[in-house]
file input.cif (mmCIF, C-alpha atoms)
data_entry
loop_
_atom_site.label_atom_id
_atom_site.label_comp_id
_atom_site.auth_asym_id
_atom_site.auth_seq_id
_atom_site.Cartn_x
_atom_site.Cartn_y
_atom_site.Cartn_z
CA MET A 1 113.59 102.01 107.83
CA LYS A 2 116.61 99.82 107.09
CA VAL A 3 120.31 100.38 107.78
CA ASP A 4 122.42 100.14 104.64
CA VAL A 5 125.98 98.82 104.80
CA LEU A 6 129.07 99.77 102.80
CA LEU A 7 132.16 97.57 102.89
CA GLY A 8 135.21 96.43 100.97
CA MET A 9 135.10 93.16 99.03
CA GLN A 10 138.84 92.51 98.70
CA TRP A 11 141.84 92.96 101.01
CA GLY A 12 141.07 96.56 101.90
CA ASP A 13 142.06 99.83 100.22
CA GLU A 14 139.19 99.50 97.76
CA GLY A 15 138.07 103.14 97.96
CA LYS A 16 135.36 102.93 100.61
CA GLY A 17 135.96 106.45 101.91
CA LYS A 18 135.29 108.02 98.52
CA ILE A 19 132.00 106.18 98.01
CA VAL A 20 130.79 106.95 101.56
CA ASP A 21 131.53 110.60 100.83
CA VAL A 22 129.62 110.37 97.53
CA LEU A 23 126.62 108.60 99.10
CA SER A 24 126.46 110.49 102.41
CA PRO A 25 124.20 113.36 101.18
CA ASP A 26 121.48 110.68 100.84
CA TYR A 27 121.83 109.67 104.52
CA ASP A 28 121.24 111.28 107.87
CA ILE A 29 123.85 109.24 109.77
CA ILE A 30 127.14 107.55 108.83
CA ALA A 31 128.21 105.01 111.46
CA ARG A 32 131.59 103.29 111.51
CA PHE A 33 131.18 99.74 112.84
CA GLN A 34 134.62 98.12 113.19
CA GLY A 35 138.38 98.48 112.91
CA GLY A 36 140.58 101.22 114.24
CA PRO A 37 143.25 103.67 113.09
CA ASN A 38 144.74 100.92 110.92
CA ALA A 39 142.12 102.09 108.41
CA GLY A 40 142.93 104.83 105.92
CA HIS A 41 139.88 106.14 104.09
CA THR A 42 140.97 108.59 101.38
CA LEU A 43 138.65 111.31 100.09
CA GLU A 44 139.52 113.89 97.46
CA PHE A 45 137.57 116.97 96.46
CA GLU A 46 138.26 120.61 95.53
CA GLY A 47 141.86 119.65 94.84
CA ILE A 48 142.54 118.51 98.41
CA LYS A 49 143.26 114.95 99.54
CA HIS A 50 141.95 113.90 102.96
CA VAL A 51 142.77 110.71 104.86
CA LEU A 52 140.52 109.59 107.72
CA HIS A 53 141.55 106.85 110.15
CA THR A 54 138.80 106.71 112.78
CA ILE A 55 136.20 109.32 111.90
CA PRO A 56 133.44 108.21 109.49
CA SER A 57 133.73 109.50 105.94
CA GLY A 58 130.55 111.57 106.06
CA ILE A 59 132.21 114.19 108.26
CA PHE A 60 132.67 116.70 105.40
CA ARG A 61 128.95 116.79 104.53
CA ASP A 62 126.68 119.37 106.16
CA GLY A 63 123.65 117.93 107.92
CA VAL A 64 125.14 114.45 108.25
CA LEU A 65 125.78 113.01 111.71
CA ASN A 66 128.77 110.67 112.17
CA ILE A 67 129.05 107.95 114.82
CA ILE A 68 132.05 105.92 115.93
CA GLY A 69 130.35 102.67 116.94
CA ASN A 70 131.04 100.20 119.72
CA GLY A 71 132.84 97.82 117.35
CA VAL A 72 135.61 100.36 116.70
CA VAL A 73 138.83 100.54 118.72
CA ILE A 74 140.02 104.10 119.32
CA ASP A 75 143.47 105.54 119.83
CA PRO A 76 142.72 108.83 121.64
CA ILE A 77 145.96 110.41 120.43
CA ILE A 78 145.25 109.67 116.78
CA LEU A 79 141.61 110.73 117.10
CA LEU A 80 142.61 114.04 118.71
CA LYS A 81 145.06 114.76 115.87
CA GLU A 82 142.44 113.83 113.30
CA VAL A 83 139.82 116.11 114.86
CA SER A 84 142.31 118.95 115.21
CA THR A 85 143.31 118.69 111.56
CA LEU A 86 139.69 118.83 110.45
CA GLU A 87 138.88 121.74 112.74
CA ASP A 88 141.88 123.65 111.36
CA MET A 89 140.23 123.23 107.94
CA GLY A 90 137.00 124.71 109.24
CA VAL A 91 135.07 121.45 109.71
CA ASP A 92 132.73 121.64 112.70
CA VAL A 93 133.56 118.16 113.99
CA ARG A 94 132.07 118.50 117.49
CA SER A 95 128.55 119.12 116.23
CA LYS A 96 128.69 116.18 113.80
CA LEU A 97 130.54 113.44 115.71
CA LEU A 98 129.26 111.04 118.38
CA ILE A 99 131.36 108.36 120.09
CA SER A 100 130.04 105.12 121.56
CA LYS A 101 130.60 104.49 125.26
CA LYS A 102 131.21 100.84 124.41
CA ALA A 103 134.06 101.45 121.94
CA HIS A 104 137.34 100.10 123.30
CA LEU A 105 140.43 102.25 123.80
CA ILE A 106 143.92 101.49 122.50
CA LEU A 107 146.46 101.99 125.28
CA PRO A 108 150.14 102.83 124.71
CA THR A 109 150.98 99.35 126.02
CA HIS A 110 148.75 97.78 123.37
CA LYS A 111 151.08 99.23 120.74
CA LEU A 112 154.15 97.95 122.58
CA LEU A 113 152.59 94.48 122.70
CA ASP A 114 151.72 94.67 119.00
CA LYS A 115 155.32 95.48 118.10
CA ALA A 116 156.80 92.82 120.40
CA SER A 117 154.46 90.14 119.06
CA GLU A 118 155.20 90.98 115.43
CA GLU A 119 158.96 90.99 116.04
CA ALA A 120 158.72 87.58 117.71
CA LYS A 121 157.14 86.09 114.58
CA GLY A 122 160.33 86.62 112.60
CA GLY A 123 159.81 85.58 109.00
CA LYS A 124 156.17 84.70 109.64
CA LYS A 125 154.98 88.23 110.29
CA ILE A 126 151.27 88.89 109.80
CA GLY A 127 151.91 92.39 108.46
CA SER A 128 150.45 94.30 111.40
CA THR A 129 150.23 98.09 111.15
CA LEU A 130 151.62 98.15 114.73
CA LYS A 131 148.77 100.43 115.82
CA GLY A 132 147.83 98.18 118.75
CA ILE A 133 144.66 96.92 117.06
CA GLY A 134 145.15 93.19 117.65
CA PRO A 135 146.08 93.41 121.35
CA THR A 136 143.14 95.75 121.98
CA TYR A 137 140.67 93.31 120.45
CA MET A 138 142.35 90.50 122.41
CA ASP A 139 141.68 92.39 125.63
CA LYS A 140 138.12 92.98 124.48
CA THR A 141 137.42 89.28 123.91
CA GLY A 142 139.45 88.41 127.02
CA ARG A 143 137.15 90.65 129.07
CA ASN A 144 139.98 92.92 130.16
CA GLY A 145 139.30 95.83 127.83
CA PHE A 146 139.16 99.51 128.66
CA ARG A 147 136.18 101.31 127.10
CA VAL A 148 135.34 104.93 126.37
CA GLY A 149 132.58 104.78 128.99
CA ASP A 150 135.15 103.77 131.60
CA LEU A 151 136.67 107.24 131.28
CA LEU A 152 133.54 108.62 132.89
CA SER A 153 133.86 106.45 136.00
CA GLU A 154 135.49 107.69 139.20
CA ASP A 155 138.03 104.86 139.26
CA PHE A 156 139.11 105.03 135.62
CA GLU A 157 142.77 105.67 136.53
CA GLN A 158 142.88 102.58 138.75
CA ARG A 159 141.37 100.51 135.93
CA TYR A 160 143.91 101.91 133.52
CA ARG A 161 146.83 101.14 135.85
CA ALA A 162 145.62 97.58 136.43
CA LEU A 163 145.53 96.91 132.69
CA VAL A 164 148.97 98.46 132.20
CA GLU A 165 150.39 96.12 134.85
CA LYS A 166 148.88 93.15 133.06
CA HIS A 167 150.51 94.36 129.85
CA ARG A 168 153.87 94.74 131.59
CA HIS A 169 153.67 91.07 132.56
CA LEU A 170 152.91 90.10 128.97
CA LEU A 171 155.79 92.26 127.73
CA SER A 172 158.10 90.38 130.10
CA LEU A 173 157.39 87.23 128.08
CA TYR A 174 159.06 89.01 125.15
CA ASN A 175 161.82 90.42 127.43
CA LYS A 176 160.35 93.87 126.87
CA GLN A 177 159.16 94.56 130.42
CA ASP A 178 161.49 97.55 130.77
CA GLU A 179 160.11 99.33 127.71
CA GLU A 180 159.26 102.95 128.44
CA ILE A 181 155.50 103.55 128.23
CA PRO A 182 154.76 106.84 126.39
CA GLU A 183 151.61 107.61 128.36
CA THR A 184 151.78 111.37 128.99
CA GLU A 185 150.31 112.26 125.61
CA TRP A 186 147.73 109.47 125.93
CA LEU A 187 146.51 110.68 129.32
CA LYS A 188 146.10 114.21 127.93
CA ALA A 189 144.22 112.83 124.93
CA VAL A 190 141.73 110.89 127.06
CA GLN A 191 141.00 114.03 129.05
CA TRP A 192 140.18 115.73 125.75
CA LEU A 193 138.10 112.71 124.68
CA LYS A 194 135.90 113.16 127.74
CA THR A 195 134.87 116.57 126.35
CA MET A 196 133.47 115.00 123.16
CA THR A 197 129.87 113.79 122.81
CA ILE A 198 129.87 110.25 124.21
CA VAL A 199 126.62 108.30 123.86
CA ASP A 200 124.93 104.94 124.25
CA SER A 201 125.20 104.50 120.49
CA GLU A 202 123.04 101.38 120.20
CA HIS A 203 120.08 103.20 121.75
CA PHE A 204 120.75 106.32 119.70
CA LEU A 205 120.93 104.42 116.39
CA ASN A 206 117.90 102.25 116.97
CA LYS A 207 115.82 105.28 117.92
CA ALA A 208 117.05 107.07 114.81
CA VAL A 209 116.04 104.12 112.61
CA LYS A 210 112.64 103.96 114.31
CA ASP A 211 112.20 107.68 113.66
CA GLY A 212 112.83 107.15 109.94
CA LYS A 213 116.42 108.37 109.73
CA LYS A 214 118.58 106.94 106.95
CA VAL A 215 121.71 105.25 108.28
CA LEU A 216 124.76 104.00 106.38
CA ALA A 217 127.10 101.65 108.25
CA GLU A 218 130.70 102.15 107.13
CA GLY A 219 133.19 99.29 107.30
CA ALA A 220 136.98 99.38 107.35
CA GLN A 221 139.55 97.01 105.81
CA GLY A 222 137.98 94.39 103.49
CA ALA A 223 135.93 91.20 103.62
CA LEU A 224 138.94 89.01 102.78
CA LEU A 225 140.58 90.31 105.96
CA ASP A 226 137.68 89.26 108.18
CA ILE A 227 138.80 87.38 111.30
CA ASP A 228 136.43 84.48 110.51
CA PHE A 229 136.12 84.49 106.72
CA GLY A 230 139.35 86.07 105.53
CA THR A 231 142.68 84.50 104.54
CA TYR A 232 143.48 83.48 108.11
CA PRO A 233 145.86 84.08 109.84
CA TYR A 234 146.74 87.00 107.56
CA VAL A 235 143.65 88.93 108.60
CA THR A 236 142.59 91.80 110.81
CA SER A 237 141.19 91.35 114.33
CA SER A 238 137.54 92.20 113.73
CA ASN A 239 134.55 91.19 111.62
CA THR A 240 134.76 93.27 108.46
CA VAL A 241 131.72 91.63 106.83
CA SER A 242 128.17 93.01 106.83
CA ALA A 243 127.27 90.95 109.91
CA GLY A 244 129.85 93.05 111.75
CA ALA A 245 127.51 96.02 111.39
CA CYS A 246 125.05 94.24 113.67
CA THR A 247 127.54 93.55 116.45
CA GLY A 248 129.52 96.74 115.83
CA LEU A 249 126.52 99.05 116.09
CA GLY A 250 123.84 97.11 117.97
CA ILE A 251 121.61 96.79 114.92
CA ALA A 252 119.40 93.70 114.56
CA PRO A 253 119.98 91.52 111.45
CA ASN A 254 116.47 92.22 110.14
CA ARG A 255 117.34 95.91 110.08
CA ILE A 256 120.01 95.50 107.37
CA GLY A 257 118.94 96.84 103.97
CA GLU A 258 121.14 97.46 100.93
CA VAL A 259 124.75 96.24 101.02
CA HIS A 260 127.18 98.24 98.92
CA GLY A 261 130.28 96.23 97.93
CA ILE A 262 133.35 98.20 96.89
CA PHE A 263 136.10 96.60 94.79
CA LYS A 264 138.92 97.67 92.52
CA ALA A 265 139.01 96.85 88.80
CA TYR A 266 142.10 94.86 89.81
CA CYS A 267 143.31 93.51 93.18
CA THR A 268 145.75 94.81 95.77
CA ARG A 269 147.03 93.59 99.10
CA VAL A 270 149.26 95.17 101.76
CA GLY A 271 151.64 93.07 103.84
CA SER A 272 151.84 89.31 104.04
CA GLY A 273 149.31 86.70 103.00
CA PRO A 274 148.26 84.66 99.95
CA PHE A 275 147.46 86.49 96.73
CA PRO A 276 146.87 84.04 93.83
CA THR A 277 146.54 86.65 91.06
CA GLU A 278 149.51 88.78 92.15
CA LEU A 279 151.66 90.28 89.42
CA THR A 280 155.29 90.27 90.52
CA ASP A 281 156.61 91.54 87.17
CA ASP A 282 156.93 94.94 85.51
CA LEU A 283 153.19 95.04 84.83
CA GLY A 284 152.45 94.75 88.53
CA ALA A 285 154.91 97.56 89.21
CA LEU A 286 153.26 99.69 86.50
CA ILE A 287 149.78 99.24 88.01
CA GLN A 288 151.21 100.03 91.44
CA LYS A 289 152.71 103.27 90.12
CA LYS A 290 149.68 104.35 88.07
CA GLY A 291 147.30 103.56 90.91
CA ASN A 292 149.50 105.20 93.56
CA GLU A 293 149.19 101.95 95.48
CA PHE A 294 150.79 102.89 98.75
CA GLY A 295 149.01 102.54 102.09
CA ALA A 296 147.16 105.66 103.29
CA THR A 297 147.96 104.72 106.89
CA THR A 298 151.38 103.08 106.69
CA GLY A 299 152.77 104.18 103.32
CA ARG A 300 153.63 100.56 102.58
CA PRO A 301 153.54 99.54 98.89
CA ARG A 302 150.52 97.48 97.90
CA ARG A 303 150.98 94.28 95.97
CA CYS A 304 148.98 94.37 92.73
CA GLY A 305 147.30 91.69 90.61
CA TRP A 306 144.34 90.81 88.42
CA LEU A 307 140.72 90.73 89.54
CA ASP A 308 139.84 87.45 91.29
CA LEU A 309 136.23 86.39 90.66
CA PRO A 310 136.15 83.38 93.02
CA ALA A 311 137.21 85.72 95.82
CA LEU A 312 134.80 88.46 94.69
CA ASN A 313 131.86 86.05 94.48
CA TYR A 314 132.74 84.62 97.89
CA SER A 315 132.73 88.12 99.35
CA ALA A 316 129.41 88.91 97.67
CA MET A 317 127.91 85.71 99.10
CA ILE A 318 128.92 86.15 102.74
CA ASN A 319 127.98 89.84 102.73
CA GLY A 320 124.70 89.71 100.81
CA VAL A 321 125.95 92.42 98.44
CA THR A 322 123.18 94.17 96.50
CA HIS A 323 125.20 96.88 94.71
CA LEU A 324 128.68 96.67 93.18
CA HIS A 325 130.89 99.74 92.93
CA MET A 326 134.05 99.37 90.83
CA MET A 327 136.95 101.66 91.64
CA LYS A 328 140.07 102.73 89.74
CA ALA A 329 138.98 101.72 86.26
CA ASP A 330 141.13 104.64 85.07
CA VAL A 331 144.31 102.94 86.34
CA LEU A 332 143.99 100.14 83.78
CA SER A 333 143.66 102.51 80.80
CA GLY A 334 146.19 101.83 78.07
CA LEU A 335 147.16 98.28 79.02
CA ASP A 336 147.47 95.76 76.17
CA GLU A 337 144.95 93.44 77.80
CA ILE A 338 143.18 92.76 81.08
CA LYS A 339 142.97 89.34 82.70
CA VAL A 340 140.37 88.09 85.15
CA CYS A 341 140.66 84.94 87.24
CA THR A 342 137.43 82.97 86.78
CA HIS A 343 138.40 79.65 88.41
CA TYR A 344 141.18 77.92 90.33
CA LYS A 345 142.91 74.67 89.55
CA THR A 346 143.35 72.72 92.78
CA ALA A 347 144.42 69.23 93.77
CA GLU A 348 140.73 68.30 93.84
CA GLY A 349 140.05 69.76 90.38
CA LYS A 350 138.79 73.00 88.88
CA THR A 351 136.60 75.19 91.09
CA SER A 352 134.96 78.60 91.05
CA ASP A 353 134.60 78.52 94.85
CA LEU A 354 137.12 80.06 97.23
CA PRO A 355 138.94 77.10 98.82
CA PHE A 356 139.86 76.78 102.49
CA SER A 357 143.44 77.67 101.56
CA ILE A 358 144.65 79.78 98.66
CA ASP A 359 148.27 79.61 99.77
CA GLU A 360 150.95 79.53 97.09
CA GLY A 361 151.07 76.13 95.47
CA LYS A 362 147.54 75.22 96.58
CA VAL A 363 145.69 76.98 93.75
CA GLU A 364 146.47 78.00 90.18
CA PRO A 365 144.37 80.81 88.70
CA VAL A 366 142.51 80.22 85.43
CA TYR A 367 142.22 83.44 83.43
CA VAL A 368 140.13 84.94 80.67
CA SER A 369 141.47 87.95 78.76
CA PHE A 370 139.78 91.16 77.65
CA PRO A 371 140.95 93.92 75.33
CA CYS A 372 141.71 97.06 77.30
CA TRP A 373 140.47 100.56 76.62
CA LYS A 374 143.01 103.14 75.53
CA GLU A 375 141.09 106.29 76.40
CA ASP A 376 141.77 108.50 79.41
CA LEU A 377 138.67 108.02 81.58
CA THR A 378 139.28 110.77 84.11
CA GLY A 379 137.25 113.44 82.30
CA ILE A 380 134.25 111.26 81.44
CA THR A 381 131.07 112.06 83.38
CA GLU A 382 128.40 109.87 81.73
CA TYR A 383 128.28 106.10 81.56
CA ARG A 384 127.22 106.16 77.91
CA ASP A 385 130.52 107.87 77.05
CA LEU A 386 132.72 105.12 78.51
CA PRO A 387 134.69 103.00 76.02
CA LYS A 388 132.99 99.87 74.73
CA GLU A 389 135.83 97.74 76.13
CA LEU A 390 135.13 99.03 79.64
CA ASN A 391 131.40 98.47 79.17
CA ALA A 392 132.13 94.86 78.20
CA TYR A 393 134.32 94.44 81.28
CA VAL A 394 131.59 95.84 83.56
CA GLU A 395 128.91 93.65 81.99
CA PHE A 396 131.08 90.54 82.34
CA ILE A 397 131.52 91.21 86.07
CA GLU A 398 127.79 91.84 86.48
CA LYS A 399 126.95 88.57 84.72
CA SER A 400 129.57 86.64 86.70
CA THR A 401 128.35 87.91 90.06
CA GLY A 402 124.65 88.38 89.33
CA ILE A 403 124.83 91.79 91.02
CA PRO A 404 124.23 95.15 89.32
CA MET A 405 127.16 97.54 88.94
CA SER A 406 125.90 100.81 90.36
CA ILE A 407 129.05 102.95 90.28
CA VAL A 408 132.15 103.07 88.10
CA SER A 409 134.88 105.33 89.50
CA VAL A 410 137.18 106.97 86.95
CA GLY A 411 139.43 109.00 89.26
CA PRO A 412 140.12 109.88 92.90
CA ASP A 413 137.96 113.00 93.12
CA ARG A 414 134.36 112.74 94.31
CA SER A 415 133.31 114.29 90.97
CA GLN A 416 134.94 111.44 89.04
CA THR A 417 132.16 109.03 89.94
CA ILE A 418 129.75 107.64 87.36
CA ALA A 419 126.43 106.32 88.65
CA ARG A 420 124.62 103.74 86.52
CA GLN A 421 121.42 103.44 88.60
CA ALA A 422 119.70 104.67 91.74
CA LEU A 423 121.64 103.74 94.88
CA VAL A 424 119.33 104.67 97.74
CA ALA A 425 115.65 103.82 97.94
#

call {"tool": "encode", "arguments": {"input": "input.cif", "output": "C-alpha cells"}}
result
Amino acid sequence: MKVDVLLGMQWGDEGKGKIVDVLSPDYDIIARFQGGPNAGHTLEFEGIKHVLHTIPSGIFRDGVLNIIGNGVVIDPIILLKEVSTLEDMGVDVRSKLLISKKAHLILPTHKLLDKASEEAKGGKKIGSTLKGIGPTYMDKTGRNGFRVGDLLSEDFEQRYRALVEKHRHLLSLYNKQDEEIPETEWLKAVQWLKTMTIVDSEHFLNKAVKDGKKVLAEGAQGALLDIDFGTYPYVTSSNTVSAGACTGLGIAPNRIGEVHGIFKAYCTRVGSGPFPTELTDDLGALIQKKGNEFGATTGRPRRCGWLDLPALNYSAMINGVTHLHMMKADVLSGLDEIKVCTHYKTAEGKTSDLPFSIDEGKVEPVYVSFPCWKEDLTGITEYRDLPKELNAYVEFIEKSTGIPMSIVSVGPDRSQTIARQALVA
C-alpha cells in the first residue's frame, strides 16, 4: 500500500482543507506532515464554515483517524482551543486524533522572538504570521528544540526553563530581554496535551501501511513557500513539497503513491515576496473581493493575480504531481477575459522555466488570453454542464502541464466539488 500526498502548488491558501475533507472518506488515516498554526485550512459544509490550524482536515469524517506528524510544530494553547471548539460542536476529537512524540512545541518565547526578529527587519519584513513558527524550526535544526515526547520525561520543566533562558539571551540582542513571558496559559495547555494520545507516529504509520490502511499525507502552506524550493527568503520554515511527507511522517520515498496538487484558477499571495502576475488594479481588487481573499489565520488581505504556468509546472515537477485539482473557478465567472502567464521574458531571453529569481524587474510575464464564462457555476454538479469556456480553460491547463485535472471546485462547500475521474485507486 502507498501513502498518497496532498499539497498546495502555489503560495498557500489554495483550498487544501476542502479537498482533504472531500477525499478523506476514501482513506483510513489523514496525517499532517509539516507547518504549524500558521496554516488555515477552511472547510465548509451544512452551512457552517470551519477553520483548522493544526488538526488534519479529516477530523469531521467518521471512521477516519487523524495524525499530527513529527514534522509539525505545535502551539499547545492553539491546539487546545481548536480541540475545545470541535468538541463543543460534538466532534469526538480524542478518539480520532493522535499526536507524534517527535513533533516540536512552540514556546511563548518563540513567539516573542518571532515578533522581535520581524520588527528588526524594518522594510524588509518576510511577512511572518508571528506564530513562532520560524524560531521553533530554528531550535529544531539547532538541536535545542522541545518536543511533545519531552513532556513525558521527569525533567521536562528543567528542559523548558533552560530553553527559555536561551531565548531570553537572544531577546537581549533585540533589547527585548525584559519582555513579560505569558507562560501561565502555556503551562496549563501542556498539562492538557499530556492527556491526549501521544504516539511514536513513524512506527504507527508504517505498521498501518503494512496492514493495508490507506493514508493521505496533508501538507500546509504551498510548494512556492518551501524553504528550499520556494521564493527564498520569502518562504516558510519547513519543506512543503511532497518530499516533506517522508521526513515529516517517517515514510520511505518508495512508499509515496499519488500526489494531489491543489491550485487556484488564479494566483494569490499573502505578505511580502515576488509575484510576477499580480494585479494591482481594480481587477485585482475585484477578484480579492469575489474570492473573499483574506487569510484564514491572520485575516490579512491576499494579493491576487493571473495563473502562472511556469510556477505551476515547476511545482508539478518538484512534487511529482499526478492529479490536479483546480479551486475557485466560480470566482472568475463574469470577467471579460482571463489571462494566463505561459512564459517569462528575462535578461537571458524567453523561458517557460521558473528562474532562480522572479523578483520585480527580473522577469516579465508573457500572457495568453481566454474568453471567460458568464454563468454562475455554484449550482452546477456535473462536469458536462460546465460552460464550454471553462472546459477550454481546464483542457489548456491539462495540456500545458501534462497532468489530468481530477477536480474542479465551483464553490466553498464540500458539495460544490466536481470530480472528472477516479481519485483513489

call {"tool": "atom_distance", "arguments": {"input": "input.cif", "atom1": "atom CA of Val64 of chain A", "atom2": "atom CA of Tyr383 of chain A"}}
result
28.1 Å

call {"tool": "resolve_selection", "arguments": {"input": "input.cif", "expression": "the PyMOL selection byres ((chain A and resi 324) around 7)", "output": "PyMOL selection string"}}
result
chain A and resi 260-262+322-323+325-326+403-407

call {"tool": "residues_around", "arguments": {"input": "input.cif", "residues": "segment 346-349 of chain A", "least_positions_apart": "3", "cutoff": "7 Å", "atoms": "only C-alpha atoms", "output": "VMD selection string"}}
result
chain A and resid 362 to 364

call {"tool": "resolve_selection", "arguments": {"input": "input.cif", "expression": "the PyMOL selection byres ((chain A and resi 152) around 12)", "output": "list in words"}}
result
Lys101, Lys102, Phe146, Arg147, Val148, Gly149, Asp150, Leu151, Ser153, Glu154, Asp155, Phe156, Glu157, Arg159, Val190, Gln191, Leu193, Lys194, Thr195, Met196, Thr197, Ile198 and Val199 of chain A

call {"tool": "atom_distance", "arguments": {"input": "input.cif", "atom1": "atom CA of Pro355 of chain A", "atom2": "atom CA of Gly257 of chain A"}}
result
28.6 Å

call {"tool": "resolve_selection", "arguments": {"input": "input.cif", "expression": "the PyMOL selection byres ((chain A and resi 367-381) around 9)", "output": "PyMOL selection string"}}
result
chain A and resi 329-344+365-366+382-390+392-393+409-412+415-418

call {"tool": "axis_aligned_box", "arguments": {"input": "input.cif", "around": "segment 99-112 of chain A", "padding_each_side": "4 Å", "output": "lines of an AutoDock Vina configuration file"}}
result
center_x = 142.1
center_y = 103.1
center_z = 123.1
size_x = 32.1
size_y = 18.6
size_z = 13.9

call {"tool": "closest_residue", "arguments": {"input": "input.cif", "among": "A:Arg61, A:Arg414, A:His104, A:Arg303", "to": "Asp139 of chain A", "atoms": "all atoms listed in the file"}}
result
A:His104

call {"tool": "atom_distance", "arguments": {"input": "input.cif", "atom1": "atom CA of Gly273 of chain A", "atom2": "atom CA of Leu225 of chain A"}}
result
9.9 Å

call {"tool": "residues_around", "arguments": {"input": "input.cif", "residues": "Leu86 of chain A", "least_positions_apart": "5", "cutoff": "12 Å", "atoms": "only C-alpha atoms", "output": "short mmCIF file (atom, residue, chain, number, x, y, z; two decimals) with C-alpha atoms, in the coordinates of the input"}}
result
data_model
loop_
_atom_site.label_atom_id
_atom_site.label_comp_id
_atom_site.auth_asym_id
_atom_site.auth_seq_id
_atom_site.Cartn_x
_atom_site.Cartn_y
_atom_site.Cartn_z
CA HIS A 50 141.95 113.90 102.96
CA VAL A 51 142.77 110.71 104.86
CA LEU A 52 140.52 109.59 107.72
CA ILE A 55 136.20 109.32 111.90
CA SER A 57 133.73 109.50 105.94
CA ILE A 59 132.21 114.19 108.26
CA PHE A 60 132.67 116.70 105.40
CA LEU A 79 141.61 110.73 117.10
CA LEU A 80 142.61 114.04 118.71
CA LYS A 81 145.06 114.76 115.87
CA VAL A 91 135.07 121.45 109.71
CA ASP A 92 132.73 121.64 112.70
CA VAL A 93 133.56 118.16 113.99
CA ARG A 94 132.07 118.50 117.49
CA LYS A 96 128.69 116.18 113.80
CA LEU A 97 130.54 113.44 115.71
#

call {"tool": "closest_residue", "arguments": {"input": "input.cif", "among": "A:Ala217, A:Ile99, A:Val5, A:Ile133", "to": "Asp114 of chain A", "atoms": "all atoms listed in the file"}}
result
A:Ile133

call {"tool": "residues_near_point", "arguments": {"input": "input.cif", "point": "(114.8, 95.1, 109.2)", "cutoff": "12 Å", "atoms": "all atoms listed in the file", "output": "compact mmCIF listing (two decimals) with C-alpha atoms, in the frame of the given file"}}
result
# COMPACT_ATOMS: atom_id res chain seq x y z
CA MET A 1 113.59 102.01 107.83
CA LYS A 2 116.61 99.82 107.09
CA VAL A 3 120.31 100.38 107.78
CA ASP A 4 122.42 100.14 104.64
CA ASN A 206 117.90 102.25 116.97
CA VAL A 209 116.04 104.12 112.61
CA LYS A 210 112.64 103.96 114.31
CA CYS A 246 125.05 94.24 113.67
CA ILE A 251 121.61 96.79 114.92
CA ALA A 252 119.40 93.70 114.56
CA PRO A 253 119.98 91.52 111.45
CA ASN A 254 116.47 92.22 110.14
CA ARG A 255 117.34 95.91 110.08
CA ILE A 256 120.01 95.50 107.37
CA GLY A 257 118.94 96.84 103.97
CA GLU A 258 121.14 97.46 100.93

call {"tool": "closest_residue", "arguments": {"input": "input.cif", "among": "A:Trp306, A:Phe263, A:Phe275, A:Phe45", "to": "Gln288 of chain A", "atoms": "all atoms listed in the file"}}
result
A:Trp306

call {"tool": "closest_residue", "arguments": {"input": "input.cif", "among": "A:Lys115, A:Lys121, A:Lys166, A:His53", "to": "Gly134 of chain A", "atoms": "only C-alpha atoms"}}
result
A:Lys115

call {"tool": "closest_residue", "arguments": {"input": "input.cif", "among": "A:Pro233, A:Pro276, A:Pro37, A:Pro182", "to": "Leu107 of chain A", "atoms": "only C-alpha atoms"}}
result
A:Pro182
